[in-house]
Amino acid sequence: MQSEFWLERWRNQQIGFHQERINPHLEAHWPALDAKAGTRVFVPLCGKSRDMLWLAAQGYRVTGIELSPLAVEAFFAESDLAPTRRHQGIFEVCSAGEIEIFCGDFFALSAEDLAGVTAVYDRASLVALPPDMRQRYAAHMAHLLPPDVQILLVTFDYSQDEMSGPPFAVSEDEVHGLYDDTFAIRKLADLDALAENARFRQAGLTRLRERVFVLHRR
Ligand SMILES: C[S@@+](CC[C@H](N)C(=O)[O-])C[C@H]1O[C@@H](n2cnc3c(N)ncnc32)[C@H](O)[C@@H]1O
C-alpha cells in the first residue's frame, strides 16, 4: 500500500479507524504482558491514537511511528501537549512528556531507534497493510525489536470477498504464519465485533471477528 494512500486519508480526514475512547482490549489485556512501568513501549503506525496517553499514564515511555505529519500534529494538539522537535537520522521526532512520535515510514526504522523497547501495542497496524506488506512488516518487526519483547496484537478477520481493505482481513492462521518463527503466540480473546461496528455492517460484512493475541519473543 502506497504511502500516498494514507497521507491522502489524513488530508481528507477519512479516519474512521480513530477511536475517541481508550481501546477496551488494551485496558483489559495489557496486564497479560509483564512490561515493567518505566520501560519503553512501541506503538507502530500509531495515527493519533489516544491509547498512547493511556500507556504513558501507566508509567511507560511511549514511542510511536506515523507516516502522516497531520496525524502527529493532531495527536499533540488534541492532547493539549506542546511537542519539542528533534531530528534522528531521517526522522523528525516530536515529543512531549513521556511520549515521542517518529514521523515517517515504519520500514525505515532501525533496531537502534527502538533500543530498550520491552513491549509493543499493535492495534489496526497489521490490518492496515495488504498481504505482501504484512510479510515485510512482520519480518521488519522481528528484525527491529530487542530480545524478550512482547506484543499485544489486535486484529480483524472477515471474508475479504465482502470488502476490500483497509482494514484488511487477517486470519488467525496468518498471524501464526507471520510470527510463529520468531514469537510464541497466545490468543487472549476472539469476539464477534459486527454488532458494534455499524460502518462494517453498512459495508456489507456478514461476519467480523476481532482477536487479541499476546506474542512473546522466542
Ligand atoms: C488504520 S490506521 C491505525 C492507527 C492507530 N494504530 C489507531 O489505532 O488509531 C493505520 C495508520 O498507519 C499509518 N501508516 C500506514 N503506513 C505506514 C508506514 N509505512 N509507516 C508509518 N505509518 C504508516 C497511517 O497513516 C495510519 O495513520
# chains A, B, ... in the order shown; residues from 1 in each chain; ligands from 1
>>> closest_atom_pairs(of="chain A", to="ligand 1", cutoff="9 Å", atoms="only C-alpha atoms and all ligand atoms", output="CSV")
residue,atom,partner,partner_atom_place_in_ligand_line,distance
A:Met1,CA,ligand 1,16 (N),7.4
A:Gln2,CA,ligand 1,16 (N),7.7
A:Ser3,CA,ligand 1,16 (N),6.0
A:Phe5,CA,ligand 1,25 (O),8.2
A:Trp6,CA,ligand 1,25 (O),4.5
A:Leu7,CA,ligand 1,25 (O),6.1
A:Glu8,CA,ligand 1,25 (O),8.8
A:Arg9,CA,ligand 1,25 (O),7.5
A:Trp10,CA,ligand 1,25 (O),6.9
A:Ile15,CA,ligand 1,2 (S),7.4
A:Gly16,CA,ligand 1,1 (C),8.3
A:Phe17,CA,ligand 1,1 (C),5.4
A:His18,CA,ligand 1,9 (O),4.3
A:Gln19,CA,ligand 1,9 (O),6.2
A:Asn23,CA,ligand 1,8 (O),8.2
A:Val43,CA,ligand 1,6 (N),7.3
A:Pro44,CA,ligand 1,6 (N),6.8
A:Leu45,CA,ligand 1,12 (O),3.8
A:Cys46,CA,ligand 1,6 (N),4.1
A:Gly47,CA,ligand 1,27 (O),3.6
A:Lys48,CA,ligand 1,9 (O),6.1
A:Ser49,CA,ligand 1,9 (O),4.5
A:Arg50,CA,ligand 1,9 (O),7.7
A:Asp51,CA,ligand 1,8 (O),7.7
A:Gly64,CA,ligand 1,21 (C),9.0
A:Ile65,CA,ligand 1,21 (C),5.5
A:Glu66,CA,ligand 1,22 (N),3.8
A:Leu67,CA,ligand 1,22 (N),3.9
A:Ser68,CA,ligand 1,25 (O),5.2
A:Pro69,CA,ligand 1,25 (O),8.8
A:Ala71,CA,ligand 1,27 (O),6.7
A:Phe102,CA,ligand 1,21 (C),8.7
A:Cys103,CA,ligand 1,21 (C),7.5
A:Gly104,CA,ligand 1,21 (C),5.7
A:Asp105,CA,ligand 1,20 (N),3.6
A:Phe106,CA,ligand 1,20 (N),3.8
A:Phe107,CA,ligand 1,19 (N),5.9
A:Ala108,CA,ligand 1,20 (N),8.2
A:Tyr121,CA,ligand 1,6 (N),8.5
A:Asp122,CA,ligand 1,6 (N),6.6
A:Arg123,CA,ligand 1,8 (O),4.9
A:Ala124,CA,ligand 1,3 (C),4.6
A:Ser125,CA,ligand 1,6 (N),5.2
A:Leu126,CA,ligand 1,10 (C),8.4
A:Val127,CA,ligand 1,1 (C),7.1
A:Ala128,CA,ligand 1,1 (C),4.9
A:Leu129,CA,ligand 1,16 (N),7.1
A:Tyr137,CA,ligand 1,19 (N),8.7
A:Pro166,CA,ligand 1,1 (C),7.1
A:Pro167,CA,ligand 1,1 (C),6.4
>>> residues_around(residues="Gly204 in chain A", least_positions_apart="4", cutoff="8 Å", atoms="only C-alpha atoms", output="list in words")
Glu162, Met163 and Phe200 of chain A
>>> closest_residue(among="A:Asp192, A:Asp181, A:Glu210, A:Asp113", to="Asp157 in chain A", atoms="only C-alpha atoms")
A:Glu210
>>> residues_around(residues="Thr84 in chain A", least_positions_apart="4", cutoff="10 Å", atoms="only C-alpha atoms", output="PyMOL selection string")
chain A and resi 93-97+100
>>> select_by_dssp(residues="range 1-149 of chain A", states="strand (DSSP E)", output="PyMOL selection string")
chain A and resi 40-43+61-66+84-88+91-96+99-103+117-123
>>> write_last_selection(atoms="N, CA and C atoms", output="JSON list (two decimals), in the first residue's frame")
[["chain", "number", "residue", "atom", "x", "y", "z"],
["A", 40, "ARG", "N", 10.11, 1.08, 27.91],
["A", 40, "ARG", "CA", 9.70, 1.73, 26.67],
["A", 40, "ARG", "C", 8.73, 0.84, 25.89],
["A", 41, "VAL", "N", 7.63, 1.42, 25.46],
["A", 41, "VAL", "CA", 6.62, 0.70, 24.68],
["A", 41, "VAL", "C", 6.56, 1.31, 23.28],
["A", 42, "PHE", "N", 6.53, 0.45, 22.28],
["A", 42, "PHE", "CA", 6.49, 0.89, 20.87],
["A", 42, "PHE", "C", 5.06, 0.75, 20.34],
["A", 43, "VAL", "N", 4.58, 1.81, 19.69],
["A", 43, "VAL", "CA", 3.25, 1.79, 19.07],
["A", 43, "VAL", "C", 3.42, 2.04, 17.57],
["A", 61, "ARG", "N", 7.31, 4.80, 28.91],
["A", 61, "ARG", "CA", 7.80, 5.75, 27.90],
["A", 61, "ARG", "C", 7.30, 5.21, 26.56],
["A", 62, "VAL", "N", 6.65, 6.04, 25.80],
["A", 62, "VAL", "CA", 5.95, 5.58, 24.60],
["A", 62, "VAL", "C", 6.65, 6.13, 23.36],
["A", 63, "THR", "N", 6.91, 5.22, 22.40],
["A", 63, "THR", "CA", 7.47, 5.62, 21.12],
["A", 63, "THR", "C", 6.53, 5.18, 20.01],
["A", 64, "GLY", "N", 5.95, 6.14, 19.30],
["A", 64, "GLY", "CA", 5.11, 5.81, 18.16],
["A", 64, "GLY", "C", 5.85, 6.09, 16.87],
["A", 65, "ILE", "N", 5.32, 5.50, 15.78],
["A", 65, "ILE", "CA", 5.75, 5.94, 14.45],
["A", 65, "ILE", "C", 4.52, 6.12, 13.59],
["A", 66, "GLU", "N", 4.52, 7.21, 12.83],
["A", 66, "GLU", "CA", 3.37, 7.53, 12.00],
["A", 66, "GLU", "C", 3.85, 8.28, 10.75],
["A", 84, "THR", "N", 8.30, 19.14, 21.63],
["A", 84, "THR", "CA", 9.60, 19.62, 21.15],
["A", 84, "THR", "C", 9.96, 18.73, 19.96],
["A", 85, "ARG", "N", 10.86, 19.22, 19.12],
["A", 85, "ARG", "CA", 11.20, 18.51, 17.89],
["A", 85, "ARG", "C", 12.70, 18.28, 17.82],
["A", 86, "ARG", "N", 13.05, 17.08, 17.37],
["A", 86, "ARG", "CA", 14.47, 16.83, 17.12],
["A", 86, "ARG", "C", 14.58, 15.99, 15.87],
["A", 87, "HIS", "N", 15.80, 15.89, 15.35],
["A", 87, "HIS", "CA", 16.00, 15.01, 14.21],
["A", 87, "HIS", "C", 16.79, 13.79, 14.65],
["A", 88, "GLN", "N", 16.34, 12.64, 14.23],
["A", 88, "GLN", "CA", 17.09, 11.40, 14.48],
["A", 88, "GLN", "C", 17.17, 10.66, 13.15],
["A", 91, "PHE", "N", 14.41, 10.90, 10.44],
["A", 91, "PHE", "CA", 13.11, 11.19, 11.06],
["A", 91, "PHE", "C", 13.10, 12.52, 11.79],
["A", 92, "GLU", "N", 11.95, 13.20, 11.74],
["A", 92, "GLU", "CA", 11.67, 14.23, 12.73],
["A", 92, "GLU", "C", 10.93, 13.52, 13.86],
["A", 93, "VAL", "N", 11.38, 13.76, 15.08],
["A", 93, "VAL", "CA", 10.75, 13.12, 16.24],
["A", 93, "VAL", "C", 10.13, 14.22, 17.10],
["A", 94, "CYS", "N", 8.83, 14.12, 17.34],
["A", 94, "CYS", "CA", 8.13, 15.09, 18.17],
["A", 94, "CYS", "C", 7.90, 14.44, 19.53],
["A", 95, "SER", "N", 8.18, 15.17, 20.59],
["A", 95, "SER", "CA", 7.98, 14.55, 21.91],
["A", 95, "SER", "C", 7.46, 15.55, 22.91],
["A", 96, "ALA", "N", 6.68, 15.01, 23.84],
["A", 96, "ALA", "CA", 6.18, 15.78, 24.97],
["A", 96, "ALA", "C", 6.00, 14.81, 26.13],
["A", 99, "ILE", "N", 5.94, 10.80, 25.83],
["A", 99, "ILE", "CA", 5.50, 10.29, 24.52],
["A", 99, "ILE", "C", 6.32, 10.95, 23.42],
["A", 100, "GLU", "N", 6.86, 10.10, 22.54],
["A", 100, "GLU", "CA", 7.54, 10.63, 21.35],
["A", 100, "GLU", "C", 6.98, 9.92, 20.13],
["A", 101, "ILE", "N", 6.87, 10.67, 19.04],
["A", 101, "ILE", "CA", 6.39, 10.06, 17.79],
["A", 101, "ILE", "C", 7.40, 10.37, 16.69],
["A", 102, "PHE", "N", 7.91, 9.29, 16.09],
["A", 102, "PHE", "CA", 8.75, 9.42, 14.90],
["A", 102, "PHE", "C", 7.80, 9.66, 13.72],
["A", 103, "CYS", "N", 8.09, 10.69, 12.95],
["A", 103, "CYS", "CA", 7.24, 10.96, 11.79],
["A", 103, "CYS", "C", 7.94, 10.42, 10.55],
["A", 117, "VAL", "N", 13.12, -1.14, 23.94],
["A", 117, "VAL", "CA", 11.67, -1.41, 23.92],
["A", 117, "VAL", "C", 11.40, -2.78, 24.56],
["A", 118, "THR", "N", 10.44, -2.81, 25.48],
["A", 118, "THR", "CA", 10.10, -4.08, 26.14],
["A", 118, "THR", "C", 8.76, -4.62, 25.65],
["A", 119, "ALA", "N", 7.93, -3.74, 25.08],
["A", 119, "ALA", "CA", 6.59, -4.19, 24.67],
["A", 119, "ALA", "C", 6.10, -3.35, 23.51],
["A", 120, "VAL", "N", 5.16, -3.96, 22.76],
["A", 120, "VAL", "CA", 4.59, -3.33, 21.56],
["A", 120, "VAL", "C", 3.08, -3.41, 21.66],
["A", 121, "TYR", "N", 2.43, -2.33, 21.27],
["A", 121, "TYR", "CA", 0.96, -2.34, 21.18],
["A", 121, "TYR", "C", 0.59, -2.11, 19.72],
["A", 122, "ASP", "N", 0.08, -3.17, 19.08],
["A", 122, "ASP", "CA", -0.26, -3.11, 17.66],
["A", 122, "ASP", "C", -1.77, -3.26, 17.52],
["A", 123, "ARG", "N", -2.44, -2.12, 17.33],
["A", 123, "ARG", "CA", -3.89, -2.13, 17.06],
["A", 123, "ARG", "C", -4.12, -1.44, 15.72]]
>>> residues_around(residues="His143 in chain A", least_positions_apart="3", cutoff="8 Å", atoms="only C-alpha atoms", output="number ranges by chain")
A: 111, 139-140
>>> closest_residue(among="A:Ala37, A:Leu26, A:Ala193, A:Ala169", to="Tyr60 in chain A", atoms="only C-alpha atoms")
A:Ala37
>>> select_by_dssp(residues="range 5-215 of chain A", states="alpha helix (DSSP H)", output="ChimeraX atom specification")
/A:5-11,24-29,51-57,69-78,131-144,172-179,198-202
>>> closest_residue(among="A:Leu33, A:Ala56, A:Met141, A:Val149", to="Gly116 in chain A", atoms="only C-alpha atoms")
A:Val149
>>> atom_distance(atom1="CA of Ala28 in chain A", atom2="CA of Leu205 in chain A")
26.3 Å
>>> atom_distance(atom1="CA of Asp132 in chain A", atom2="CA of His29 in chain A")
28.7 Å
>>> closest_residue(among="A:Ala203, A:Leu153, A:Ala142, A:Leu55", to="Ala35 in chain A", atoms="only C-alpha atoms")
A:Leu55
>>> closest_residue(among="A:Phe213, A:Thr39, A:Glu196, A:Leu188", to="Thr155 in chain A", atoms="only C-alpha atoms")
A:Phe213
>>> residues_around(residues="Asp180 in chain A", least_positions_apart="6", cutoff="12 Å", atoms="only C-alpha atoms", output="list of chain:residue names")
A:Ala138, A:Ala139, A:Ala142, A:Glu172, A:Asp173, A:Glu174, A:Arg186, A:Leu215, A:His216, A:Arg217, A:Arg218
>>> write_last_selection(atoms="C-alpha atoms", output="PDB file, in the first residue's frame")
ATOM      1  CA  ALA A 138       6.338  -8.889  10.452  1.00  0.00           C
ATOM      2  CA  ALA A 139       9.878  -9.541   9.218  1.00  0.00           C
ATOM      3  CA  ALA A 142      11.274  -9.184  14.226  1.00  0.00           C
ATOM      4  CA  GLU A 172      -5.611 -16.498  12.945  1.00  0.00           C
ATOM      5  CA  ASP A 173      -3.644 -18.789  10.611  1.00  0.00           C
ATOM      6  CA  GLU A 174      -1.998 -15.777   9.038  1.00  0.00           C
ATOM      7  CA  ARG A 186      -1.292 -16.972  22.689  1.00  0.00           C
ATOM      8  CA  LEU A 215       3.251 -12.647  21.433  1.00  0.00           C
ATOM      9  CA  HIS A 216       6.440 -13.438  23.366  1.00  0.00           C
ATOM     10  CA  ARG A 217       9.771 -13.331  21.604  1.00  0.00           C
ATOM     11  CA  ARG A 218      11.275 -16.799  21.287  1.00  0.00           C
TER      12      ARG A 218
END
>>> atom_distance(atom1="CA of Ala57 in chain A", atom2="CA of Ala184 in chain A")
28.0 Å
>>> decode(residues="range 104-136 of chain A", atoms="N, CA and C atoms", output="CSV table (one decimal), in the first residue's frame")
chain,number,residue,atom,x,y,z
A,104,GLY,N,7.4,9.4,9.9
A,104,GLY,CA,8.0,8.8,8.7
A,104,GLY,C,7.5,7.4,8.6
A,105,ASP,N,8.3,6.6,7.8
A,105,ASP,CA,8.0,5.3,7.4
A,105,ASP,C,8.5,4.2,8.3
A,106,PHE,N,7.6,3.4,8.8
A,106,PHE,CA,7.9,2.3,9.7
A,106,PHE,C,9.1,1.5,9.1
A,107,PHE,N,9.1,1.3,7.8
A,107,PHE,CA,10.1,0.4,7.2
A,107,PHE,C,11.5,1.0,7.2
A,108,ALA,N,11.6,2.3,7.5
A,108,ALA,CA,12.9,3.0,7.6
A,108,ALA,C,13.4,3.0,9.0
A,109,LEU,N,12.7,2.5,10.0
A,109,LEU,CA,13.2,2.4,11.4
A,109,LEU,C,14.3,1.4,11.5
A,110,SER,N,15.3,1.7,12.4
A,110,SER,CA,16.4,0.7,12.6
A,110,SER,C,16.2,0.2,14.1
A,111,ALA,N,16.9,-0.9,14.3
A,111,ALA,CA,16.9,-1.5,15.7
A,111,ALA,C,17.4,-0.5,16.7
A,112,GLU,N,18.4,0.4,16.3
A,112,GLU,CA,18.9,1.4,17.2
A,112,GLU,C,17.8,2.3,17.7
A,113,ASP,N,16.9,2.6,16.7
A,113,ASP,CA,15.8,3.6,17.1
A,113,ASP,C,14.9,3.0,18.2
A,114,LEU,N,14.8,1.7,18.3
A,114,LEU,CA,13.9,1.0,19.2
A,114,LEU,C,14.7,0.3,20.4
A,115,ALA,N,15.9,0.8,20.6
A,115,ALA,CA,16.7,0.1,21.7
A,115,ALA,C,15.9,0.3,23.0
A,116,GLY,N,15.9,-0.8,23.8
A,116,GLY,CA,15.2,-0.7,25.1
A,116,GLY,C,13.7,-1.0,25.1
A,117,VAL,N,13.1,-1.1,23.9
A,117,VAL,CA,11.7,-1.4,23.9
A,117,VAL,C,11.4,-2.8,24.6
A,118,THR,N,10.4,-2.8,25.5
A,118,THR,CA,10.1,-4.1,26.1
A,118,THR,C,8.8,-4.6,25.6
A,119,ALA,N,7.9,-3.7,25.1
A,119,ALA,CA,6.6,-4.2,24.7
A,119,ALA,C,6.1,-3.4,23.5
A,120,VAL,N,5.2,-4.0,22.8
A,120,VAL,CA,4.6,-3.3,21.6
A,120,VAL,C,3.1,-3.4,21.7
A,121,TYR,N,2.4,-2.3,21.3
A,121,TYR,CA,1.0,-2.3,21.2
A,121,TYR,C,0.6,-2.1,19.7
A,122,ASP,N,0.1,-3.2,19.1
A,122,ASP,CA,-0.3,-3.1,17.7
A,122,ASP,C,-1.8,-3.3,17.5
A,123,ARG,N,-2.4,-2.1,17.3
A,123,ARG,CA,-3.9,-2.1,17.1
A,123,ARG,C,-4.1,-1.4,15.7
A,124,ALA,N,-4.7,-2.2,14.8
A,124,ALA,CA,-5.1,-1.7,13.5
A,124,ALA,C,-3.8,-1.3,12.7
A,125,SER,N,-2.7,-1.9,13.0
A,125,SER,CA,-1.5,-1.6,12.2
A,125,SER,C,-1.3,-2.7,11.2
A,126,LEU,N,-1.2,-4.0,11.7
A,126,LEU,CA,-1.1,-5.1,10.8
A,126,LEU,C,-2.2,-5.1,9.8
A,127,VAL,N,-3.4,-4.9,10.2
A,127,VAL,CA,-4.6,-4.9,9.3
A,127,VAL,C,-4.7,-3.7,8.4
A,128,ALA,N,-3.8,-2.7,8.6
A,128,ALA,CA,-3.7,-1.6,7.7
A,128,ALA,C,-3.0,-1.9,6.4
A,129,LEU,N,-2.3,-3.0,6.3
A,129,LEU,CA,-1.4,-3.3,5.2
A,129,LEU,C,-1.9,-4.5,4.4
A,130,PRO,N,-1.7,-4.4,3.1
A,130,PRO,CA,-2.1,-5.5,2.2
A,130,PRO,C,-1.1,-6.7,2.4
A,131,PRO,N,-1.5,-7.9,1.9
A,131,PRO,CA,-0.8,-9.2,2.3
A,131,PRO,C,0.7,-9.1,2.1
A,132,ASP,N,1.2,-8.6,1.0
A,132,ASP,CA,2.7,-8.6,0.7
A,132,ASP,C,3.4,-7.7,1.8
A,133,MET,N,2.8,-6.6,2.1
A,133,MET,CA,3.4,-5.7,3.1
A,133,MET,C,3.3,-6.3,4.5
A,134,ARG,N,2.3,-7.1,4.8
A,134,ARG,CA,2.2,-7.7,6.1
A,134,ARG,C,3.4,-8.6,6.3
A,135,GLN,N,3.8,-9.3,5.3
A,135,GLN,CA,5.0,-10.2,5.4
A,135,GLN,C,6.2,-9.3,5.7
A,136,ARG,N,6.4,-8.2,5.0
A,136,ARG,CA,7.5,-7.3,5.2
A,136,ARG,C,7.5,-6.7,6.6
